[in-house]
>>> print(open('my_file-v9.txt').read())   # compact mmCIF, C-alpha atoms
# COMPACT_ATOMS: atom_id res chain seq x y z
CA MET A 1 175.91 -39.63 -61.37
CA SER A 2 173.52 -37.70 -59.14
CA THR A 3 173.57 -37.75 -55.37
CA ALA A 4 170.08 -39.27 -55.28
CA ARG A 5 171.46 -42.44 -56.86
CA PHE A 6 173.92 -42.80 -54.05
CA THR A 7 171.06 -42.66 -51.54
CA LEU A 8 169.43 -45.68 -53.11
CA CYS A 9 172.41 -47.81 -51.97
CA ARG A 10 172.07 -46.86 -48.29
CA THR A 11 170.85 -49.47 -45.80
CA PRO A 12 167.57 -49.22 -43.86
CA THR A 13 167.53 -46.94 -40.82
CA ASP A 14 166.23 -49.54 -38.32
CA SER A 15 168.06 -48.56 -35.13
CA ALA A 16 166.66 -51.13 -32.69
CA GLY A 17 169.36 -51.93 -30.14
CA THR A 18 171.73 -49.36 -31.68
CA GLU A 19 170.55 -46.15 -29.98
CA TRP A 20 174.15 -45.09 -29.41
CA LEU A 21 174.66 -44.72 -33.22
CA THR A 22 174.24 -41.27 -34.71
CA ALA A 23 171.87 -40.58 -37.59
CA ALA A 24 174.81 -40.11 -40.01
CA GLU A 25 176.30 -43.44 -38.88
CA ARG A 26 172.98 -45.17 -39.49
CA GLN A 27 172.89 -43.56 -43.00
CA PRO A 28 176.37 -44.57 -44.24
CA LEU A 29 177.86 -43.72 -47.64
CA THR A 30 177.92 -46.84 -49.83
CA ILE A 31 178.67 -47.71 -53.40
CA ARG A 32 178.00 -50.85 -55.35
CA ARG A 33 180.88 -52.83 -56.72
CA ASP A 34 179.68 -52.45 -60.31
CA GLU A 35 179.85 -48.59 -60.14
CA ARG A 36 182.66 -46.71 -61.89
CA LEU A 37 185.63 -45.18 -60.13
CA ALA A 38 184.58 -41.70 -61.27
CA THR A 39 181.34 -42.14 -59.35
CA ALA A 40 183.34 -42.91 -56.19
CA ALA A 41 185.47 -39.77 -56.77
CA ASP A 42 182.32 -37.66 -57.14
CA LEU A 43 180.99 -39.18 -53.89
CA PHE A 44 184.12 -38.24 -51.94
CA ARG A 45 184.04 -34.72 -53.44
CA ALA A 46 180.43 -34.38 -52.26
CA HIS A 47 181.39 -35.59 -48.72
CA PRO A 48 184.90 -34.32 -48.04
CA ASP A 49 184.74 -35.46 -44.36
CA ALA A 50 184.15 -39.13 -45.23
CA GLY A 51 187.16 -41.32 -44.50
CA PHE A 52 185.87 -44.28 -46.47
CA VAL A 53 182.86 -45.46 -48.47
CA GLY A 54 181.45 -48.94 -48.03
CA VAL A 55 181.38 -51.20 -51.08
CA VAL A 56 178.42 -53.61 -51.34
CA ASP A 57 177.12 -56.14 -53.78
CA ALA A 58 173.71 -56.10 -55.42
CA GLU A 59 172.12 -57.54 -52.20
CA GLY A 60 173.70 -54.88 -49.98
CA ARG A 61 176.25 -57.23 -48.41
CA PRO A 62 179.56 -55.51 -47.59
CA LEU A 63 182.60 -56.39 -49.74
CA GLY A 64 185.09 -53.86 -48.38
CA ALA A 65 185.62 -50.11 -48.53
CA LEU A 66 187.10 -47.38 -50.70
CA LEU A 67 189.52 -45.35 -48.63
CA GLU A 68 189.51 -41.55 -49.01
CA ARG A 69 193.36 -41.42 -49.11
CA ASP A 70 193.51 -43.77 -52.12
CA ILE A 71 190.99 -41.69 -54.07
CA ARG A 72 192.69 -38.45 -53.01
CA ARG A 73 196.06 -39.64 -54.39
CA LEU A 74 194.30 -40.38 -57.60
CA LEU A 75 192.65 -36.95 -57.69
CA VAL A 76 195.84 -35.01 -56.93
CA ASN A 77 197.53 -36.73 -59.91
CA PRO A 78 197.74 -34.17 -62.82
CA TYR A 79 196.34 -36.81 -65.04
CA GLY A 80 193.84 -38.09 -62.54
CA HIS A 81 190.76 -36.47 -63.98
CA ALA A 82 191.69 -37.65 -67.45
CA LEU A 83 192.25 -41.11 -66.18
CA LEU A 84 188.85 -41.07 -64.42
CA ARG A 85 187.25 -40.04 -67.69
CA ASN A 86 189.03 -42.79 -69.54
CA PRO A 87 186.57 -45.65 -69.95
CA ALA A 88 189.37 -48.19 -70.01
CA TYR A 89 190.96 -47.02 -66.74
CA GLY A 90 188.08 -45.71 -64.64
CA GLY A 91 185.58 -48.46 -65.26
CA THR A 92 186.16 -50.73 -62.16
CA LEU A 93 186.57 -50.39 -58.36
CA ASP A 94 188.30 -53.72 -57.74
CA ASP A 95 191.84 -52.32 -57.53
CA TYR A 96 190.81 -49.81 -54.83
CA ILE A 97 188.62 -52.00 -52.59
CA ARG A 98 190.25 -52.48 -49.17
CA LEU A 99 189.20 -54.92 -46.43
CA ILE A 100 188.24 -53.27 -43.14
CA PRO A 101 186.80 -54.85 -39.97
CA VAL A 102 183.16 -55.96 -40.24
CA ALA A 103 180.95 -56.85 -37.22
CA ASP A 104 177.29 -57.39 -36.42
CA ALA A 105 175.57 -54.24 -35.15
CA ALA A 106 173.90 -56.29 -32.39
CA LEU A 107 177.24 -56.52 -30.55
CA GLY A 108 177.82 -54.13 -27.72
CA VAL A 109 180.21 -51.22 -27.99
CA GLY A 110 182.87 -53.01 -25.97
CA ALA A 111 182.68 -56.12 -28.15
CA LEU A 112 182.83 -54.00 -31.32
CA ILE A 113 185.92 -52.18 -30.11
CA ALA A 114 187.53 -55.49 -29.11
CA ALA A 115 186.73 -56.91 -32.56
CA TYR A 116 188.15 -53.76 -34.19
CA HIS A 117 191.42 -54.04 -32.29
CA ALA A 118 191.59 -57.78 -32.92
CA ALA A 119 191.24 -57.19 -36.69
CA GLY A 120 193.93 -54.47 -36.63
CA GLY A 121 191.59 -51.77 -37.92
CA HIS A 122 192.84 -48.24 -38.65
CA GLU A 123 190.37 -46.58 -41.04
CA GLY A 124 186.99 -47.52 -39.62
CA MET A 125 184.48 -50.33 -39.27
CA ILE A 126 181.41 -51.64 -41.07
CA LEU A 127 178.37 -52.78 -39.08
CA THR A 128 175.91 -55.27 -40.52
CA ARG A 129 172.42 -56.41 -39.69
CA GLY A 130 171.05 -59.57 -41.26
CA GLY A 131 174.24 -59.79 -43.34
CA ARG A 132 173.63 -56.40 -45.02
CA LEU A 133 175.56 -53.22 -44.42
CA PHE A 134 173.77 -51.31 -41.66
CA ALA A 135 176.14 -48.58 -40.47
CA THR A 136 179.73 -47.39 -40.62
CA LEU A 137 182.00 -46.13 -37.88
CA SER A 138 185.04 -43.97 -38.53
CA ASN A 139 188.31 -44.57 -36.75
CA ARG A 140 187.88 -41.29 -34.85
CA ARG A 141 184.38 -42.33 -33.75
CA LEU A 142 185.71 -45.69 -32.56
CA LEU A 143 188.48 -43.92 -30.61
CA LEU A 144 185.89 -41.69 -28.97
CA LEU A 145 183.75 -44.72 -28.12
CA ALA A 146 186.80 -46.48 -26.67
CA ALA A 147 187.66 -43.36 -24.68
CA GLY A 148 184.07 -43.19 -23.40
CA LEU A 149 184.27 -46.82 -22.40
CA GLU A 150 187.55 -46.16 -20.60
CA VAL A 151 185.96 -43.22 -18.80
CA GLU A 152 182.99 -45.34 -17.77
CA ARG A 153 185.34 -48.10 -16.77
CA ALA A 154 187.43 -45.64 -14.78
CA ARG A 155 184.28 -44.34 -13.07
CA ALA A 156 183.18 -47.90 -12.37
CA GLU A 157 186.65 -48.70 -11.07
CA ALA A 158 186.58 -45.61 -8.89
CA ALA A 159 183.16 -46.54 -7.54
CA ARG A 160 184.34 -50.10 -7.10
CA ALA A 161 187.49 -48.81 -5.41
CA HIS A 162 185.34 -46.78 -3.05
CA VAL A 163 183.20 -49.83 -2.34
CA ILE A 164 186.35 -51.91 -1.86
CA GLU A 165 187.74 -49.28 0.48
CA ARG A 166 184.60 -49.37 2.60
CA ALA A 167 184.45 -53.17 2.36
CA SER A 168 188.15 -53.39 3.29
CA ALA A 169 187.58 -51.27 6.36
CA VAL A 170 184.57 -53.37 7.32
CA PHE A 171 186.49 -56.54 6.52
CA GLU A 172 189.45 -55.39 8.60
CA ASP A 173 187.16 -54.53 11.50
CA GLU A 174 185.34 -57.85 11.19
CA VAL A 175 188.59 -59.80 10.93
CA THR A 176 189.95 -57.94 13.94
CA ARG A 177 186.77 -58.69 15.87
CA LEU A 178 186.77 -62.29 14.65
CA THR A 179 190.40 -62.83 15.55
CA THR A 180 189.78 -61.27 18.97
CA GLU A 181 186.79 -63.56 19.48
CA LEU A 182 188.80 -66.52 18.22
CA ALA A 183 191.65 -65.67 20.57
CA THR A 184 189.16 -65.31 23.44
CA LEU A 185 187.48 -68.54 22.40
CA ALA A 186 190.85 -70.27 22.18
CA GLY A 187 191.74 -69.01 25.65
CA THR A 188 188.38 -70.13 27.02
CA LEU A 189 188.73 -73.45 25.27
CA SER A 190 192.25 -73.83 26.65
CA GLY A 191 190.99 -73.00 30.15
CA HIS A 192 188.14 -75.49 29.81
CA ALA A 193 190.60 -78.07 28.52
CA ALA A 194 192.89 -77.46 31.50
CA ALA A 195 189.95 -77.66 33.91
CA THR A 196 188.73 -80.81 32.16
CA ALA A 197 192.23 -82.26 32.41
CA GLU A 198 192.35 -81.47 36.14
CA ARG A 199 188.91 -82.99 36.69
CA ALA A 200 189.85 -86.01 34.59
CA ALA A 201 193.07 -86.46 36.57
CA ALA A 202 191.14 -86.12 39.85
CA THR A 203 188.51 -88.54 38.56
CA ASP A 204 191.22 -90.96 37.49
CA THR A 205 192.80 -90.75 40.97
CA ARG A 206 189.45 -91.23 42.65
CA ALA A 207 188.64 -94.11 40.34
CA ALA A 208 191.96 -95.74 41.23
CA THR A 209 191.24 -95.20 44.93
CA MET A 210 187.72 -96.57 44.45
CA THR A 211 189.13 -99.59 42.63
CA ALA A 212 191.64 -100.26 45.43
CA THR A 213 188.94 -99.77 48.10
CA THR A 214 186.57 -102.00 46.17
CA ASP A 215 189.26 -104.67 45.90
CA ARG A 216 189.82 -104.52 49.67
CA ASN A 217 186.07 -104.64 50.28
CA ALA A 218 185.77 -107.56 47.89
CA ARG A 219 188.52 -109.44 49.72
CA THR A 220 186.92 -108.58 53.07
CA LEU A 221 183.52 -109.73 51.81
CA ALA A 222 185.13 -112.93 50.52
CA GLU A 223 186.66 -113.51 53.94
CA ILE A 224 183.34 -112.72 55.65
CA GLY A 225 181.62 -115.08 53.24
CA GLY A 226 184.10 -117.84 54.03
CA GLU A 227 183.79 -117.29 57.77
CA GLY A 228 180.02 -117.10 57.42
CA ARG A 229 180.00 -120.42 55.60
CA GLU A 230 182.18 -121.91 58.33
CA LEU A 231 179.84 -120.45 60.94
CA LEU A 232 176.90 -121.85 58.99
CA VAL A 233 178.53 -125.28 59.08
CA ALA A 234 179.18 -124.86 62.84
CA LEU A 235 175.58 -123.81 63.44
CA THR A 236 174.40 -126.78 61.41
CA ASP A 237 176.62 -129.04 63.54
CA ILE A 238 175.27 -127.38 66.71
CA ALA A 239 171.74 -127.97 65.51
CA ASP A 240 172.56 -131.60 64.73
CA GLU A 241 174.27 -132.05 68.10
CA THR A 242 171.35 -130.33 69.82
CA ARG A 243 168.94 -132.70 68.11
CA ALA A 244 171.08 -135.65 69.28
CA ALA A 245 171.26 -134.20 72.82
CA GLN A 246 167.50 -133.66 72.74
CA ALA A 247 167.08 -137.31 71.80
CA LEU A 248 169.38 -138.32 74.67
CA VAL A 249 167.45 -136.04 77.03
CA ALA A 250 164.25 -137.69 75.90
CA ASP A 251 165.82 -141.08 76.64
CA THR A 252 167.03 -139.73 80.00
CA VAL A 253 163.53 -138.47 80.80
CA THR A 254 162.20 -141.92 79.98
CA LEU A 255 164.86 -143.64 82.13
CA ALA A 256 164.29 -141.15 84.95
CA GLY A 257 160.59 -141.91 84.82
CA GLU A 258 161.32 -145.59 84.92
CA GLY A 259 163.76 -145.11 87.89
CA LYS A 260 161.19 -142.99 89.71
CA ALA A 261 158.60 -145.71 89.22
CA ARG A 262 161.01 -148.37 90.46
CA THR A 263 161.96 -146.19 93.45
CA ALA A 264 158.29 -145.81 94.29
CA ALA A 265 157.96 -149.61 94.09
CA LEU A 266 161.00 -149.99 96.38
CA GLY A 267 159.42 -147.53 98.81
CA ARG A 268 156.30 -149.57 98.87
CA SER A 269 158.43 -152.70 99.36
CA ALA A 270 160.31 -151.00 102.24
CA GLU A 271 157.02 -150.06 103.83
CA SER A 272 155.92 -153.71 103.43
CA ILE A 273 159.16 -154.89 105.09
CA GLY A 274 158.57 -152.47 107.99
CA SER A 275 155.07 -153.80 108.38
CA ILE A 276 156.38 -157.36 108.30
CA ALA A 277 159.07 -156.40 110.84
CA GLN A 278 156.38 -154.95 113.08
CA ILE A 279 154.38 -158.14 112.69
CA ILE A 280 157.46 -160.19 113.51
CA GLY A 281 158.10 -157.94 116.52
CA GLY A 282 154.56 -158.46 117.67
CA ILE A 283 154.90 -162.20 117.21
CA ALA A 284 158.20 -162.14 119.14
CA ALA A 285 156.52 -160.20 121.96
CA GLU A 286 153.74 -162.74 122.08
CA VAL A 287 156.28 -165.59 121.92
CA ASN A 288 158.21 -163.92 124.75
CA MET A 289 154.98 -163.63 126.69
CA LEU A 290 154.26 -167.30 126.04
CA ALA A 291 157.79 -168.23 127.06
CA LEU A 292 157.36 -166.21 130.25
CA ASN A 293 154.08 -168.00 130.95
CA ALA A 294 155.74 -171.34 130.18
CA THR A 295 158.58 -170.53 132.56
CA ILE A 296 156.10 -169.68 135.24
CA GLU A 297 154.17 -172.85 134.59
CA ALA A 298 157.40 -174.89 134.51
CA SER A 299 158.44 -173.54 137.89
CA ARG A 300 155.11 -174.52 139.27
CA ALA A 301 155.48 -177.99 137.86
CA GLY A 302 158.75 -178.52 139.66
CA ASP A 303 161.09 -181.11 138.37
CA ALA A 304 158.52 -182.26 135.82
CA GLY A 305 158.52 -178.87 134.27
CA ARG A 306 162.30 -178.30 134.44
CA GLY A 307 162.88 -179.35 130.83
CA PHE A 308 159.97 -177.30 129.64
CA ALA A 309 161.50 -174.38 131.55
CA VAL A 310 164.74 -174.82 129.60
CA VAL A 311 162.80 -174.86 126.34
CA ALA A 312 160.84 -171.85 127.43
CA GLY A 313 164.09 -170.04 128.27
CA SER A 314 165.42 -170.88 124.82
CA ILE A 315 162.21 -169.72 123.25
CA LYS A 316 162.42 -166.56 125.30
CA GLN A 317 165.96 -165.98 124.12
CA LEU A 318 164.90 -166.69 120.53
CA SER A 319 161.94 -164.36 120.80
CA GLY A 320 164.24 -161.69 122.21
CA GLN A 321 166.62 -162.22 119.34
CA THR A 322 163.69 -162.19 116.95
CA ALA A 323 162.39 -158.97 118.49
CA ARG A 324 165.80 -157.36 118.25
CA ALA A 325 166.15 -158.64 114.68
CA ALA A 326 162.70 -157.26 113.88
CA ASP A 327 163.68 -153.94 115.40
CA THR A 328 166.89 -154.02 113.38
CA VAL A 329 164.96 -154.90 110.20
CA ALA A 330 162.44 -152.21 110.98
CA GLY A 331 165.29 -149.71 111.44
CA HIS A 332 166.89 -150.84 108.26
CA ALA A 333 163.53 -150.73 106.51
CA ALA A 334 163.05 -147.18 107.83
CA ASP A 335 166.52 -146.25 106.63
CA VAL A 336 165.82 -147.88 103.25
CA GLY A 337 162.51 -146.08 103.07
CA ALA A 338 164.19 -142.78 103.88
CA ALA A 339 166.87 -143.48 101.26
CA ILE A 340 164.22 -144.49 98.77
CA GLY A 341 162.33 -141.25 99.54
CA GLU A 342 165.44 -139.26 99.03
CA ALA A 343 166.08 -141.18 95.78
CA ALA A 344 162.52 -140.53 94.71
CA SER A 345 162.94 -136.84 95.52
CA ALA A 346 166.25 -136.84 93.61
CA TYR A 347 164.57 -138.58 90.65
CA GLY A 348 161.90 -135.90 90.75
CA ARG A 349 164.52 -133.16 90.67
CA ILE A 350 166.39 -135.06 87.94
CA ASP A 351 163.16 -135.39 85.97
CA GLY A 352 162.53 -131.62 86.31
CA ALA A 353 166.12 -130.79 85.41
CA VAL A 354 166.01 -133.15 82.43
CA ARG A 355 162.75 -131.65 81.27
CA GLU A 356 164.23 -128.15 81.66
CA ILE A 357 167.29 -129.33 79.70
CA ALA A 358 164.98 -130.72 77.02
CA LEU A 359 163.06 -127.42 76.88
CA ARG A 360 166.28 -125.40 76.67
CA SER A 361 167.70 -127.81 74.10
CA ALA A 362 164.61 -127.21 72.00
CA ARG A 363 165.10 -123.47 72.38
CA ILE A 364 168.80 -123.82 71.52
CA MET A 365 167.90 -125.90 68.48
CA ASP A 366 165.34 -123.28 67.39
CA ALA A 367 167.88 -120.50 67.97
CA ALA A 368 170.55 -122.48 66.10
CA GLU A 369 168.13 -123.07 63.22
CA THR A 370 167.22 -119.38 63.21
CA GLN A 371 170.91 -118.46 63.24
CA ARG A 372 171.57 -120.96 60.48
CA ARG A 373 168.85 -119.44 58.31
CA ALA A 374 170.13 -115.95 59.17
CA MET A 375 173.68 -116.94 58.32
CA ASP A 376 172.43 -118.53 55.11
CA ALA A 377 170.72 -115.25 54.22
CA ILE A 378 173.82 -113.29 55.28
CA ALA A 379 175.99 -115.56 53.14
CA GLY A 380 173.65 -114.87 50.22
CA HIS A 381 173.78 -111.11 50.85
CA VAL A 382 177.55 -111.26 51.22
CA GLY A 383 177.72 -113.07 47.87
CA GLU A 384 175.52 -110.41 46.29
CA ALA A 385 177.66 -107.72 47.93
CA ALA A 386 180.77 -109.41 46.52
CA ASP A 387 179.17 -109.46 43.08
CA GLY A 388 178.23 -105.81 43.57
CA ALA A 389 181.80 -105.05 44.61
CA ASP A 390 183.02 -106.72 41.42
CA ALA A 391 180.53 -104.65 39.41
CA ILE A 392 181.62 -101.48 41.24
CA ARG A 393 185.24 -102.34 40.55
CA ALA A 394 184.43 -102.85 36.87
CA GLU A 395 182.56 -99.51 36.85
CA ALA A 396 185.48 -97.85 38.65
CA GLU A 397 187.85 -99.25 36.05
CA ALA A 398 185.51 -97.99 33.31
CA VAL A 399 185.40 -94.58 35.02
CA GLY A 400 189.19 -94.64 35.13
CA ASP A 401 189.30 -95.49 31.44
CA HIS A 402 186.84 -92.69 30.65
CA ALA A 403 188.85 -90.33 32.82
CA GLY A 404 191.97 -91.27 30.88
CA LEU A 405 190.11 -90.72 27.62
CA ALA A 406 188.84 -87.37 28.90
CA LEU A 407 192.39 -86.48 29.88
CA ARG A 408 193.64 -87.30 26.40
CA SER A 409 190.68 -85.46 24.85
CA SER A 410 191.37 -82.40 27.00
CA ALA A 411 195.00 -82.50 25.87
CA ALA A 412 193.82 -82.70 22.25
CA MET A 413 191.34 -79.88 22.96
CA ARG A 414 194.10 -77.76 24.43
CA ALA A 415 196.29 -78.44 21.41
CA LEU A 416 193.32 -77.52 19.19
CA ALA A 417 192.84 -74.30 21.17
CA GLU A 418 196.50 -73.44 20.66
CA ARG A 419 196.18 -74.20 16.95
CA LEU A 420 193.01 -72.09 16.84
CA ALA A 421 194.82 -69.17 18.49
CA ALA A 422 197.75 -69.57 16.07
CA GLN A 423 195.36 -69.75 13.09
CA ALA A 424 193.51 -66.68 14.40
CA ASN A 425 196.80 -64.75 14.55
CA LEU A 426 197.72 -66.06 11.11
CA LEU A 427 194.29 -65.02 9.79
CA ALA A 428 194.75 -61.57 11.26
CA GLY A 429 198.16 -61.30 9.58
CA HIS A 430 196.75 -62.45 6.22
CA ALA A 431 193.85 -60.03 6.57
CA ARG A 432 196.23 -57.13 7.23
CA ASP A 433 198.37 -58.16 4.28
CA PHE A 434 195.28 -58.45 2.08
CA VAL A 435 193.93 -55.06 3.10
CA SER A 436 197.33 -53.41 2.70
CA SER A 437 197.73 -55.02 -0.72
CA VAL A 438 194.24 -53.96 -1.85
CA ARG A 439 194.30 -50.36 -0.64
CA PRO A 440 197.20 -49.14 -2.85
CA ASN A 441 195.44 -50.61 -5.89
CA VAL A 442 192.30 -48.84 -4.76
CA GLY A 443 194.14 -45.53 -4.60
CA ILE A 444 195.61 -45.98 -8.06
CA ALA A 445 192.19 -46.90 -9.51
CA ALA A 446 190.55 -43.95 -7.77
CA ALA A 447 193.21 -41.60 -9.11
>>> encode(input="my_file-v9.txt", output="structure tokens")
Amino acid sequence: MSTARFTLCRTPTDSAGTEWLTAAERQPLTIRRDERLATAADLFRAHPDAGFVGVVDAEGRPLGALLERDIRRLLVNPYGHALLRNPAYGGTLDDYIRLIPVADAALGVGALIAAYHAAGGHEGMILTRGGRLFATLSNRRLLLLAAGLEVERARAEAARAHVIERASAVFEDEVTRLTTELATLAGTLSGHAAATAERAAATDTRAATMTATTDRNARTLAEIGGEGRELLVALTDIADETRAAQALVADTVTLAGEGKARTAALGRSAESIGSIAQIIGGIAAEVNMLALNATIEASRAGDAGRGFAVVAGSIKQLSGQTARAADTVAGHAADVGAAIGEAASAYGRIDGAVREIALRSARIMDAAETQRRAMDAIAGHVGEAADGADAIRAEAEAVGDHAGLALRSSAAMRALAERLAAQANLLAGHARDFVSSVRPNVGIAAA
């Protein structure tokens, strides 16, 4: 067999996506299954460096490989060449075909090496494209590729270790700064919680004081309201009594007017009696004069006029008595007139006093009515103030409740601040442990 025939069995040299393959690897040695063993021996003699030759079918699909060590044992046999020339012995490759790892050439180098190790390969590997044999890789080439991958991985690990080192330093600084800020924040939060607790306690105390003061004010307002209502009732009674007194004063004014009129009539009657007494006195004087004349005439008449003289003396006595009685009546009439004048004057003063009393009663009634309305308004305002005191007490109680809630919240906030500080310290410890655990690994990877 000529070498040109062997070339006809090689796969196409399309190297798309396989730039890392060498030209020799993309032009692998292959032999078809129906070739003779002597042809395979000639192929190995022509390429002494080949470790194996790929065996394919008529379509170029890989079936296995002929290993150089198997063919070499056959060649070093003293009878090997004779056997190869024997048509009965050297006519088939089936007894020498060995299975080696096969993978698609589209896989990356790392995946090919992983597939090679997974298949337990030792001699080499066949790469396919579209199911046909595309290239072959020797075991030495695979070891070099694996070593190159390890070098690249080591470089990547070193670079990564350097990045991790820088990131660890930054992380440690950031964690330190964060824990410091958290500790500061926890302290500030604890201080605010303590201040809030103090303010809440003070507010609670003030709310309790306000509630007690409001209760006292409410009781005082209730007492004022009760006294105001009693005063309102008293003012109403005063107004009613004043109205009754005003009615009595009006009756008194009427009676005083009537008494004054009657006194005036009595005065006129007394004046009439005085006039009558004067008339009677005048008549008595005339009668006395007549009796005197009769006595004189009786004395002139002598014994004939003696009886008439007695009658005249009697008349004279009677006229004297009448005159004295008239004088007495006139005196009495004068006294009665004076008394009636005084009574009239007293009635006038009584009338003025009663009218003044009536005027002042009206003023008292107006003042009492004004005071009643004022007390009514005050009672209303006191009621509103009492309601306001109740509302203030309710608000004070609500403020006390809120203060208590704020006190409990501040206690919870303080506990949270303490937990935050503890967690910050714990975070700092974990961060130090993490950095210390990462850095030795970084050093090993970098080495």
>>> closest_residue(input="my_file-v9.txt", among="A:Ala103, A:Ile126, A:Ala118, A:Ala377", to="Arg229 (chain A)", atoms="all atoms listed in the file")
A:Ala377
>>> residues_around(input="my_file-v9.txt", residues="Ala424 (chain A)", least_positions_apart="2", cutoff="12 Å", atoms="all atoms listed in the file", output="ChimeraX atom specification")
/A:175-187,416-422,426-431
>>> write_last_selection(input="my_file-v9.txt", atoms="C-alpha atoms", output="compact mmCIF listing (two decimals), in the frame of the given file")
# COMPACT_ATOMS: atom_id res chain seq x y z
CA VAL A 175 188.59 -59.80 10.93
CA THR A 176 189.95 -57.94 13.94
CA ARG A 177 186.77 -58.69 15.87
CA LEU A 178 186.77 -62.29 14.65
CA THR A 179 190.40 -62.83 15.55
CA THR A 180 189.78 -61.27 18.97
CA GLU A 181 186.79 -63.56 19.48
CA LEU A 182 188.80 -66.52 18.22
CA ALA A 183 191.65 -65.67 20.57
CA THR A 184 189.16 -65.31 23.44
CA LEU A 185 187.48 -68.54 22.40
CA ALA A 186 190.85 -70.27 22.18
CA GLY A 187 191.74 -69.01 25.65
CA LEU A 416 193.32 -77.52 19.19
CA ALA A 417 192.84 -74.30 21.17
CA GLU A 418 196.50 -73.44 20.66
CA ARG A 419 196.18 -74.20 16.95
CA LEU A 420 193.01 -72.09 16.84
CA ALA A 421 194.82 -69.17 18.49
CA ALA A 422 197.75 -69.57 16.07
CA LEU A 426 197.72 -66.06 11.11
CA LEU A 427 194.29 -65.02 9.79
CA ALA A 428 194.75 -61.57 11.26
CA GLY A 429 198.16 -61.30 9.58
CA HIS A 430 196.75 -62.45 6.22
CA ALA A 431 193.85 -60.03 6.57
>>> closest_residue(input="my_file-v9.txt", among="A:Gly228, A:Gly331, A:Gly404, A:Gly274", to="Thr203 (chain A)", atoms="all atoms listed in the file")
A:Gly404
>>> residues_around(input="my_file-v9.txt", residues="Gln371 (chain A)", least_positions_apart="6", cutoff="12 Å", atoms="only C-alpha atoms", output="list in words")
Gly228, Leu231, Leu232, Val233, Ala234, Leu235, Thr236, Ile238, Ala239, Arg363, Ile364, Met365, Ala377, Ile378 and Ala379 of chain A
>>> closest_residue(input="my_file-v9.txt", among="A:Thr128, A:Glu356, A:Gly148, A:Thr92", to="Leu107 (chain A)", atoms="all atoms listed in the file")
A:Thr128
>>> closest_residue(input="my_file-v9.txt", among="A:Ile97, A:Val354, A:Ala403, A:Ala23", to="Gly257 (chain A)", atoms="all atoms listed in the file")
A:Val354
>>> closest_residue(input="my_file-v9.txt", among="A:Ala161, A:Val336, A:Leu43, A:Ala385", to="Gly267 (chain A)", atoms="all atoms listed in the file")
A:Val336
>>> closest_atom_pairs(input="my_file-v9.txt", of="region 306-407 of chain A", to="region 245-254 of chain A", cutoff="8 Å", atoms="only C-alpha atoms", output="JSON lines")
{"residue": "A:Asp351", "atom": "CA", "partner": "A:Val253", "partner_atom": "CA", "distance": 6.0}
{"residue": "A:Val354", "atom": "CA", "partner": "A:Val253", "partner_atom": "CA", "distance": 6.1}
{"residue": "A:Arg355", "atom": "CA", "partner": "A:Val253", "partner_atom": "CA", "distance": 6.9}
{"residue": "A:Ile357", "atom": "CA", "partner": "A:Val249", "partner_atom": "CA", "distance": 7.2}
{"residue": "A:Ala358", "atom": "CA", "partner": "A:Gln246", "partner_atom": "CA", "distance": 5.8}
{"residue": "A:Ser361", "atom": "CA", "partner": "A:Gln246", "partner_atom": "CA", "distance": 6.0}
{"residue": "A:Ala362", "atom": "CA", "partner": "A:Gln246", "partner_atom": "CA", "distance": 7.1}
>>> atom_distance(input="my_file-v9.txt", atom1="CA of Arg306 (chain A)", atom2="CA of Leu290 (chain A)")
16.0 Å
>>> atom_distance(input="my_file-v9.txt", atom1="CA of Ile280 (chain A)", atom2="CA of Gly307 (chain A)")
26.4 Å
>>> atom_distance(input="my_file-v9.txt", atom1="CA of Glu230 (chain A)", atom2="CA of Thr211 (chain A)")
28.2 Å
>>> closest_residue(input="my_file-v9.txt", among="A:Ile164, A:Leu359, A:Val53, A:Ala24", to="Ser437 (chain A)", atoms="only C-alpha atoms")
A:Ile164
>>> residues_around(input="my_file-v9.txt", residues="region 338-344 of chain A", least_positions_apart="6", cutoff="10 Å", atoms="all atoms listed in the file", output="MDAnalysis selection string")
chainID A and resid 256 259:268 270 332 350
>>> residues_around(input="my_file-v9.txt", residues="Leu145 (chain A)", least_positions_apart="5", cutoff="12 Å", atoms="only C-alpha atoms", output="number ranges by chain")
A: 20-21, 108-114, 116, 137-140, 150-153
